[in-house]
Amino acid sequence: MTSYPRLLAPLDLGFTTLKNRVLMGSMHTNLEETKDWNRVAEFYAARARGGVGLMVTGGMAPNREGGVFPGAAGLFTEADIANHRIVTGRVHEAGGKICMQILHAGRYAYGPECVSASAIKSPISPFPPKELDEEGIEKQIADIVTSATRAREAGYDGVEIMGSEGYFLNQFLVTHTNKRTDRWGGSYENRMRLPVEVVRRVREAVGPEFILIYRLSMIDLVPNGSTWDEVVTLAKAVARAGATIINTGIGWHEARIPTIATSVPRRAFAWVTKKLMGEVSIPVITSNRINNPQTAEDVLSDGCADMVSMARPFLADPDFVAKAEAGKAGLIAPCIACNQACLDHTFQGKISTCLVNPRACFETELVVAKAATPLKVAVVGAGPAGIAAALTAAERGHSVTLFDRANVVGGQLNMARRIPGKEEFDGLVDYFVAALAASEVDLQLGVDATTQALKGFDKVIIATGVIPRDPCIPGQERPNVLSYIDVLRGNAPVGKRVVVIGAGGIGFDVSEFLVTSESPTENLAEWLEEWGVADPAVARGGVHPEGPQPEPPVRQVTLLQRKAEKPGRRLGKTTGWIHRATLQMKGVKMIGGVNYERIDASGLHVSFGETRENPTLIEADTIVLCAGQLSERSLADALIDEGVEPIVIGGADVAAELDAKRAIDQGTRVAAAL
Ligand code: NAP
Ligand code: SF4
């Protein structure tokens, strides 16, 4: 008897049956743009082998003007169709099913050719769209229909029509982007004409036995978004027009409310999809921040949906479903919703991968094969870099001993997991514990690896991490000064007025820790209130008329950096704004361009600019040092002195800009090449 009876139950669509209720949601990975079709095929085939019921590709442009960026992939030529056949063929061979997403970006298309309902520029794009005339609208519909028929020719099992997240079809639905007065604007019936017409004509063109998913924005999270009545009206209309399944879209890309970041509670929007259950007779899929089989099962058993979409969890672990089926959910590498290697990469034009699984999208490049000659390998340091190296080396058949001075594994992850909104790091540490236990790695915790002991190994990998940088501020030895480690470990009390020195990732995290009493990520009602999310049946678009209602801060915090730029500018591309907004909501003062003069009993004395002007005392009870990191290389250096050449990875190798993404990637690659 499986622990996930609903999740693993088949879903009969009439003309075809999905083997379970798990959808791998669409992700733009930039893989298709590599034009390495073997690589694209292997990415999807690996997930098909891992047992997912249905997959949706990254968004394919129906035409040049609708591409998310210039050169975005699409099915434009016979050669494109042939290339996509490589993908669908490989997926079918692996027993999977795959739909192609058709994504027309409308005014979100990053180029001067972009088009929309009205010529209103989006706040997240520099390009004002051209308002389409009747002929232009007909062309867009025809291009979407052609794209769908080509998808069928290319062997796809269906298409997903992207109608949410503020893209083209969504732009016709709401009055803040559609000011038209013709038959495509004005009344709701007119505004929804385009999406319904698209579904009707696609169905007509592809015939009855082809999956047609319509991704519908159920809560826009922008002012003047759709009302709940409008959402239901549209859902019924697209179902009548021929959709097979309705998938949930949450929030426009320009929304200032987080929807998928790690600080968003798990299943935070399943209640929205639940409101649609019973309104339409076709299956409904829910989505967003569902990252393990139990949460997915709970969502289904609570009647929130007929099927669950998870996207990033399939970057983290292609075998998600197979492991759930085998009763090995603890061995599923969890998506921690950090966006660091997936969305942040996509937006930088890089190929997406995954912080916890650097093989994602690199399946054909980063191969973990059995070693020709098994070696005796020592890894020192059970943080992310060391664990990744140890697990990969053991998978290859090497005999691995992993040492750590601490009594627990995880290294710096044990700091991160204490930050409100970073509770997902708990799951990552738990996963590492389970994966190490299930591996052949000999884990030696509470052990100081000596140079003598390490001489008995064929290869020594040093992953001893980092130590805090000393900022050398006069007075920093005073008792009112703490390191971030003391604060996060609770080693010393922190006063009510705090100055945080250093506004990097850790300075932001520590500030969040200091102003928050209970993490709203653990309490959905509080989180919704904090970000001003309302029931779309009560407030248009689900935006609370009074805006965000955060809990008052528990401390008064000032966050400082020496650089004259905006603090937090270097945080993650897709998540930095959330950290900045969170601290702003909590009244944290963020100041750049300061010089640290001295610390005394009354606080921190600073000055400003190169000429050290405007000497100012920032009164504080506690000053917390978050001034960056230096590599901990003492063991590596001692080994070199004794003639052993270690392989140094992670923070011990390069401390600057260190994060778990680089650490895990380097650990995996080094072990894959041993
Ligand atoms: P960091 O991001 O490099 O930031 C170090 C901070 O210390 C900067 O604000 C820097 O700003 C300041 N600083 C540097 N030298 C200093 C000195 N001598 N005296 C005083 N201040 C100094 O390092 P971190 O905050 O320790 O984070 C470590 C790594 O973990 C980072 O790479 C980060 O990406 C990662 N991380 C990321 C996140 C996240 O994205 N949310 C969270 C936690 C950690 P000035 O030089 O301008 O003063
Ligand atoms: Fe999830 Fe982070 Fe991996 Fe993206 S990089 S899939 S958010 S764990």
# chains A, B, ... in the order shown; residues from 1 in each chain; ligands from 1
>>> closest_atom_pairs(of="chain A", to="ligand 1", cutoff="8 Å", atoms="only C-alpha atoms and all ligand atoms", output="tab-separated table")
residue	atom	partner	partner_atom_place_in_ligand_line	distance
A:Gln340	CA	ligand 1	40 (O)	8.0
A:Ala416	CA	ligand 1	43 (C)	6.8
A:Pro468	CA	ligand 1	26 (O)	7.3
A:Arg469	CA	ligand 1	18 (N)	6.9
A:Asp470	CA	ligand 1	18 (N)	6.6
A:Pro471	CA	ligand 1	19 (N)	3.8
A:Cys472	CA	ligand 1	19 (N)	7.0
A:Ile473	CA	ligand 1	19 (N)	7.7
A:Ile501	CA	ligand 1	21 (N)	6.1
A:Gly502	CA	ligand 1	9 (O)	3.7
A:Ala503	CA	ligand 1	9 (O)	3.6
A:Gly504	CA	ligand 1	4 (O)	3.3
A:Gly505	CA	ligand 1	42 (C)	3.5
A:Ile506	CA	ligand 1	25 (O)	3.6
A:Gly507	CA	ligand 1	25 (O)	5.3
A:Phe508	CA	ligand 1	41 (N)	6.9
A:Asp509	CA	ligand 1	42 (C)	5.8
A:Leu560	CA	ligand 1	48 (O)	7.3
A:Gln561	CA	ligand 1	48 (O)	3.9
A:Arg562	CA	ligand 1	48 (O)	3.7
A:Lys563	CA	ligand 1	47 (O)	3.6
A:Ala564	CA	ligand 1	47 (O)	7.2
A:Pro567	CA	ligand 1	9 (O)	7.6
A:Arg570	CA	ligand 1	2 (O)	7.8
A:Leu571	CA	ligand 1	40 (O)	5.0
A:Gly572	CA	ligand 1	40 (O)	5.4
A:Thr575	CA	ligand 1	40 (O)	7.7
A:Gly576	CA	ligand 1	40 (O)	7.1
A:His579	CA	ligand 1	41 (N)	7.4
A:Gly592	CA	ligand 1	47 (O)	7.2
A:Gly593	CA	ligand 1	47 (O)	7.4
A:Val594	CA	ligand 1	48 (O)	7.9
A:Tyr596	CA	ligand 1	20 (C)	7.6
A:Leu625	CA	ligand 1	20 (C)	7.9
A:Cys626	CA	ligand 1	7 (O)	5.7
A:Ala627	CA	ligand 1	7 (O)	3.3
A:Gly628	CA	ligand 1	26 (O)	3.4
A:Gln629	CA	ligand 1	26 (O)	5.3
A:Ala655	CA	ligand 1	32 (O)	7.6
A:Ala656	CA	ligand 1	3 (O)	5.7
A:Glu657	CA	ligand 1	32 (O)	3.1
A:Leu658	CA	ligand 1	32 (O)	4.0
A:Asp659	CA	ligand 1	35 (C)	4.6
A:Ala660	CA	ligand 1	35 (C)	7.6
>>> write_last_selection(atoms="C-alpha atoms", output="PDB file, in the first residue's frame")
ATOM      1  CA  GLN A 340      19.599  30.428  -7.452  1.00  0.00           C
ATOM      2  CA  ALA A 416      20.776  29.243   6.957  1.00  0.00           C
ATOM      3  CA  PRO A 468      34.266  35.102   9.325  1.00  0.00           C
ATOM      4  CA  ARG A 469      36.384  38.006   8.027  1.00  0.00           C
ATOM      5  CA  ASP A 470      37.771  40.324  10.696  1.00  0.00           C
ATOM      6  CA  PRO A 471      36.659  43.869   9.780  1.00  0.00           C
ATOM      7  CA  CYS A 472      39.242  45.384  12.182  1.00  0.00           C
ATOM      8  CA  ILE A 473      36.957  48.094  13.590  1.00  0.00           C
ATOM      9  CA  ILE A 501      27.773  45.533   9.667  1.00  0.00           C
ATOM     10  CA  GLY A 502      27.818  44.108   6.137  1.00  0.00           C
ATOM     11  CA  ALA A 503      24.829  43.929   3.800  1.00  0.00           C
ATOM     12  CA  GLY A 504      25.675  40.752   1.871  1.00  0.00           C
ATOM     13  CA  GLY A 505      23.533  37.621   1.880  1.00  0.00           C
ATOM     14  CA  ILE A 506      24.296  36.974   5.536  1.00  0.00           C
ATOM     15  CA  GLY A 507      23.732  40.590   6.652  1.00  0.00           C
ATOM     16  CA  PHE A 508      20.275  40.490   5.048  1.00  0.00           C
ATOM     17  CA  ASP A 509      19.520  37.086   6.561  1.00  0.00           C
ATOM     18  CA  LEU A 560      25.197  49.034   6.738  1.00  0.00           C
ATOM     19  CA  GLN A 561      27.714  48.571   3.960  1.00  0.00           C
ATOM     20  CA  ARG A 562      30.752  50.525   2.783  1.00  0.00           C
ATOM     21  CA  LYS A 563      29.949  50.393  -0.939  1.00  0.00           C
ATOM     22  CA  ALA A 564      27.970  53.453  -2.027  1.00  0.00           C
ATOM     23  CA  PRO A 567      22.248  47.573  -0.277  1.00  0.00           C
ATOM     24  CA  ARG A 570      23.910  41.841  -5.508  1.00  0.00           C
ATOM     25  CA  LEU A 571      21.376  39.444  -3.981  1.00  0.00           C
ATOM     26  CA  GLY A 572      19.691  36.837  -6.207  1.00  0.00           C
ATOM     27  CA  THR A 575      14.647  36.937  -5.002  1.00  0.00           C
ATOM     28  CA  GLY A 576      16.683  40.003  -3.985  1.00  0.00           C
ATOM     29  CA  HIS A 579      14.555  40.344   0.836  1.00  0.00           C
ATOM     30  CA  GLY A 592      25.441  52.388   1.963  1.00  0.00           C
ATOM     31  CA  GLY A 593      28.620  54.417   1.617  1.00  0.00           C
ATOM     32  CA  VAL A 594      29.598  54.387   5.315  1.00  0.00           C
ATOM     33  CA  TYR A 596      33.198  52.310  10.285  1.00  0.00           C
ATOM     34  CA  LEU A 625      29.463  41.564  12.322  1.00  0.00           C
ATOM     35  CA  CYS A 626      28.480  40.089   8.924  1.00  0.00           C
ATOM     36  CA  ALA A 627      31.548  41.311   7.041  1.00  0.00           C
ATOM     37  CA  GLY A 628      32.024  38.340   4.712  1.00  0.00           C
ATOM     38  CA  GLN A 629      34.182  35.251   4.836  1.00  0.00           C
ATOM     39  CA  ALA A 655      35.398  32.261  -0.070  1.00  0.00           C
ATOM     40  CA  ALA A 656      34.187  35.255  -2.078  1.00  0.00           C
ATOM     41  CA  GLU A 657      30.642  34.938  -3.394  1.00  0.00           C
ATOM     42  CA  LEU A 658      30.441  31.464  -1.906  1.00  0.00           C
ATOM     43  CA  ASP A 659      27.052  29.848  -1.842  1.00  0.00           C
ATOM     44  CA  ALA A 660      25.728  26.319  -1.622  1.00  0.00           C
TER      45      ALA A 660
END
>>> closest_atom_pairs(of="chain A", to="ligand 2", cutoff="6 Å", atoms="only C-alpha atoms and all ligand atoms", output="tab-separated table")
residue	atom	partner	partner_atom_place_in_ligand_line	distance
A:Arg312	CA	ligand 2	6 (S)	4.0
A:Pro313	CA	ligand 2	6 (S)	5.8
A:Leu315	CA	ligand 2	6 (S)	5.0
A:Ala316	CA	ligand 2	3 (Fe)	5.1
A:Cys335	CA	ligand 2	1 (Fe)	3.7
A:Ile336	CA	ligand 2	8 (S)	4.4
A:Ala337	CA	ligand 2	7 (S)	3.5
A:Cys338	CA	ligand 2	2 (Fe)	4.0
A:Asn339	CA	ligand 2	7 (S)	3.7
A:Gln340	CA	ligand 2	5 (S)	4.8
A:Ala341	CA	ligand 2	5 (S)	4.0
A:Cys342	CA	ligand 2	4 (Fe)	4.3
A:Cys354	CA	ligand 2	3 (Fe)	3.5
A:Leu355	CA	ligand 2	5 (S)	4.2
A:Val356	CA	ligand 2	8 (S)	5.5
>>> write_last_selection(atoms="N, CA and C atoms", output="tab-separated table (two decimals), in the first residue's frame")
chain	number	residue	atom	x	y	z
A	312	ARG	N	10.14	22.97	-10.41
A	312	ARG	CA	11.52	22.94	-9.92
A	312	ARG	C	11.87	21.64	-9.19
A	313	PRO	N	10.92	21.01	-8.45
A	313	PRO	CA	11.30	19.73	-7.82
A	313	PRO	C	11.82	18.69	-8.80
A	315	LEU	N	13.82	19.49	-11.28
A	315	LEU	CA	15.23	19.81	-11.51
A	315	LEU	C	16.03	19.19	-10.37
A	316	ALA	N	15.51	19.34	-9.16
A	316	ALA	CA	16.22	18.84	-7.99
A	316	ALA	C	16.34	17.32	-8.02
A	335	CYS	N	13.73	20.38	-3.66
A	335	CYS	CA	13.86	21.75	-4.17
A	335	CYS	C	13.61	22.68	-3.00
A	336	ILE	N	14.59	23.55	-2.71
A	336	ILE	CA	14.43	24.46	-1.57
A	336	ILE	C	13.89	25.83	-2.03
A	337	ALA	N	13.46	25.90	-3.28
A	337	ALA	CA	12.79	27.10	-3.82
A	337	ALA	C	13.67	28.35	-3.76
A	338	CYS	N	14.99	28.14	-3.91
A	338	CYS	CA	15.93	29.26	-3.80
A	338	CYS	C	16.04	30.06	-5.09
A	339	ASN	N	15.70	29.45	-6.22
A	339	ASN	CA	15.82	30.07	-7.56
A	339	ASN	C	17.25	30.34	-8.00
A	340	GLN	N	18.23	29.99	-7.18
A	340	GLN	CA	19.60	30.43	-7.45
A	340	GLN	C	20.20	29.85	-8.73
A	341	ALA	N	19.86	28.57	-9.01
A	341	ALA	CA	20.47	27.96	-10.20
A	341	ALA	C	19.47	27.78	-11.33
A	342	CYS	N	18.19	27.99	-11.04
A	342	CYS	CA	17.19	27.82	-12.11
A	342	CYS	C	16.77	29.19	-12.64
A	354	CYS	N	20.34	23.20	-11.04
A	354	CYS	CA	19.73	23.19	-9.72
A	354	CYS	C	20.80	23.21	-8.65
A	355	LEU	N	20.59	24.01	-7.65
A	355	LEU	CA	21.54	24.11	-6.54
A	355	LEU	C	21.80	22.73	-5.93
A	356	VAL	N	20.76	21.93	-5.72
A	356	VAL	CA	20.97	20.64	-5.06
A	356	VAL	C	21.32	19.53	-6.05
>>> atom_distance(atom1="atom CA of A:Val238", atom2="atom CA of A:Pro195")
7.6 Å
>>> residues_around(residues="stretch 489-499 of chain A", least_positions_apart="2", cutoff="12 Å", atoms="only C-alpha atoms", output="PyMOL selection string")
chain A and resi 412+414-419+479-487+501-503+507-508+510-515+553-561+588-591+596+599+602-606+617-626
>>> closest_residue(among="A:Met27, A:Lys236, A:Lys130, A:Arg183", to="A:Glu279", atoms="only C-alpha atoms")
A:Lys236
>>> residues_around(residues="A:Ala241", least_positions_apart="5", cutoff="9 Å", atoms="only C-alpha atoms", output="PDB file with C-alpha atoms, in the first residue's frame")
ATOM      1  CA  VAL A 196     -11.545  31.362 -25.579  1.00  0.00           C
ATOM      2  CA  GLU A 197     -11.173  31.756 -29.337  1.00  0.00           C
ATOM      3  CA  VAL A 198      -7.597  30.464 -29.139  1.00  0.00           C
ATOM      4  CA  VAL A 199      -8.711  27.343 -27.262  1.00  0.00           C
ATOM      5  CA  ARG A 200     -11.649  26.768 -29.622  1.00  0.00           C
ATOM      6  CA  ARG A 201      -9.543  27.086 -32.764  1.00  0.00           C
ATOM      7  CA  ARG A 203      -9.083  22.226 -30.505  1.00  0.00           C
ATOM      8  CA  LYS A 236     -16.165  27.415 -17.872  1.00  0.00           C
TER       9      LYS A 236
END
>>> residues_around(residues="A:Ala537", least_positions_apart="4", cutoff="12 Å", atoms="only C-alpha atoms", output="PyMOL selection string")
chain A and resi 218-219+225-232+272+275-276+533+541-544
>>> atom_distance(atom1="atom CA of A:Pro334", atom2="atom CA of A:Ala406")
23.5 Å
>>> select_by_dssp(residues="stretch 126-374 of chain A", states="strand (DSSP E)", output="PyMOL selection string")
chain A and resi 130-131+158-163+211-219+245-250+284-286+307-310
>>> atom_distance(atom1="atom CA of A:Gly67", atom2="atom CA of A:Glu153")
20.9 Å
>>> select_by_dssp(residues="stretch 377-473 of chain A", states="alpha helix (DSSP H)", output="PyMOL selection string")
chain A and resi 384-395+413-416+424-438+451-454
>>> residues_around(residues="stretch 131-148 of chain A", least_positions_apart="4", cutoff="6 Å", atoms="only C-alpha atoms", output="PDB file with N, CA, C and O atoms, in the first residue's frame")
ATOM      1  N   PRO A  62       5.087  31.151 -30.403  1.00  0.00           N
ATOM      2  CA  PRO A  62       4.311  30.835 -31.611  1.00  0.00           C
ATOM      3  C   PRO A  62       4.771  31.660 -32.812  1.00  0.00           C
ATOM      4  O   PRO A  62       4.496  31.319 -33.952  1.00  0.00           O
ATOM      5  N   VAL A 115       3.827  42.963 -28.964  1.00  0.00           N
ATOM      6  CA  VAL A 115       2.445  43.379 -29.257  1.00  0.00           C
ATOM      7  C   VAL A 115       1.558  43.069 -28.058  1.00  0.00           C
ATOM      8  O   VAL A 115       1.877  42.202 -27.243  1.00  0.00           O
ATOM      9  N   SER A 116       0.431  43.786 -27.970  1.00  0.00           N
ATOM     10  CA  SER A 116      -0.510  43.501 -26.882  1.00  0.00           C
ATOM     11  C   SER A 116      -1.891  44.039 -27.230  1.00  0.00           C
ATOM     12  O   SER A 116      -2.121  44.543 -28.344  1.00  0.00           O
ATOM     13  N   ALA A 117      -2.784  43.951 -26.243  1.00  0.00           N
ATOM     14  CA  ALA A 117      -4.143  44.456 -26.442  1.00  0.00           C
ATOM     15  C   ALA A 117      -4.117  45.971 -26.629  1.00  0.00           C
ATOM     16  O   ALA A 117      -4.787  46.530 -27.498  1.00  0.00           O
ATOM     17  N   SER A 118      -3.353  46.643 -25.784  1.00  0.00           N
ATOM     18  CA  SER A 118      -3.232  48.104 -25.848  1.00  0.00           C
ATOM     19  C   SER A 118      -1.758  48.463 -25.731  1.00  0.00           C
ATOM     20  O   SER A 118      -0.957  47.662 -25.235  1.00  0.00           O
ATOM     21  N   ALA A 119      -1.427  49.673 -26.148  1.00  0.00           N
ATOM     22  CA  ALA A 119      -0.016  50.090 -26.149  1.00  0.00           C
ATOM     23  C   ALA A 119       0.390  50.593 -24.761  1.00  0.00           C
ATOM     24  O   ALA A 119       0.720  51.772 -24.587  1.00  0.00           O
ATOM     25  N   VAL A 198      -8.842  31.228 -28.938  1.00  0.00           N
ATOM     26  CA  VAL A 198      -7.597  30.464 -29.139  1.00  0.00           C
ATOM     27  C   VAL A 198      -7.841  28.992 -28.805  1.00  0.00           C
ATOM     28  O   VAL A 198      -7.499  28.089 -29.574  1.00  0.00           O
ATOM     29  N   VAL A 202      -7.713  26.042 -31.557  1.00  0.00           N
ATOM     30  CA  VAL A 202      -6.673  25.011 -31.403  1.00  0.00           C
ATOM     31  C   VAL A 202      -7.346  23.640 -31.359  1.00  0.00           C
ATOM     32  O   VAL A 202      -6.933  22.700 -32.052  1.00  0.00           O
TER      33      VAL A 202
END
>>> closest_residue(among="A:Phe210, A:Lys19, A:Ser187, A:Phe172", to="A:Met100", atoms="only C-alpha atoms")
A:Phe210
>>> residues_around(residues="stretch 371-377 of chain A", least_positions_apart="2", cutoff="8 Å", atoms="only C-alpha atoms", output="ChimeraX atom specification")
/A:369,379,393,396-401,457-461,674
>>> write_last_selection(atoms="C-alpha atoms", output="PDB file, in the first residue's frame")
ATOM      1  CA  ALA A 369      30.056   6.817 -14.066  1.00  0.00           C
ATOM      2  CA  VAL A 379      36.710  14.175   2.414  1.00  0.00           C
ATOM      3  CA  ALA A 393      32.577   9.617  -5.149  1.00  0.00           C
ATOM      4  CA  ARG A 396      31.170   5.913  -8.442  1.00  0.00           C
ATOM      5  CA  GLY A 397      32.392   3.033  -6.324  1.00  0.00           C
ATOM      6  CA  HIS A 398      35.213   4.762  -4.445  1.00  0.00           C
ATOM      7  CA  SER A 399      35.705   3.945  -0.785  1.00  0.00           C
ATOM      8  CA  VAL A 400      34.909   7.245   0.946  1.00  0.00           C
ATOM      9  CA  THR A 401      35.398   8.513   4.502  1.00  0.00           C
ATOM     10  CA  PHE A 457      44.239   7.848   1.580  1.00  0.00           C
ATOM     11  CA  ASP A 458      44.743   7.898  -2.200  1.00  0.00           C
ATOM     12  CA  LYS A 459      42.935  11.238  -2.537  1.00  0.00           C
ATOM     13  CA  VAL A 460      42.168  13.911   0.039  1.00  0.00           C
ATOM     14  CA  ILE A 461      39.411  16.434  -0.611  1.00  0.00           C
ATOM     15  CA  LEU A 674      38.414  11.470  -9.721  1.00  0.00           C
TER      16      LEU A 674
END
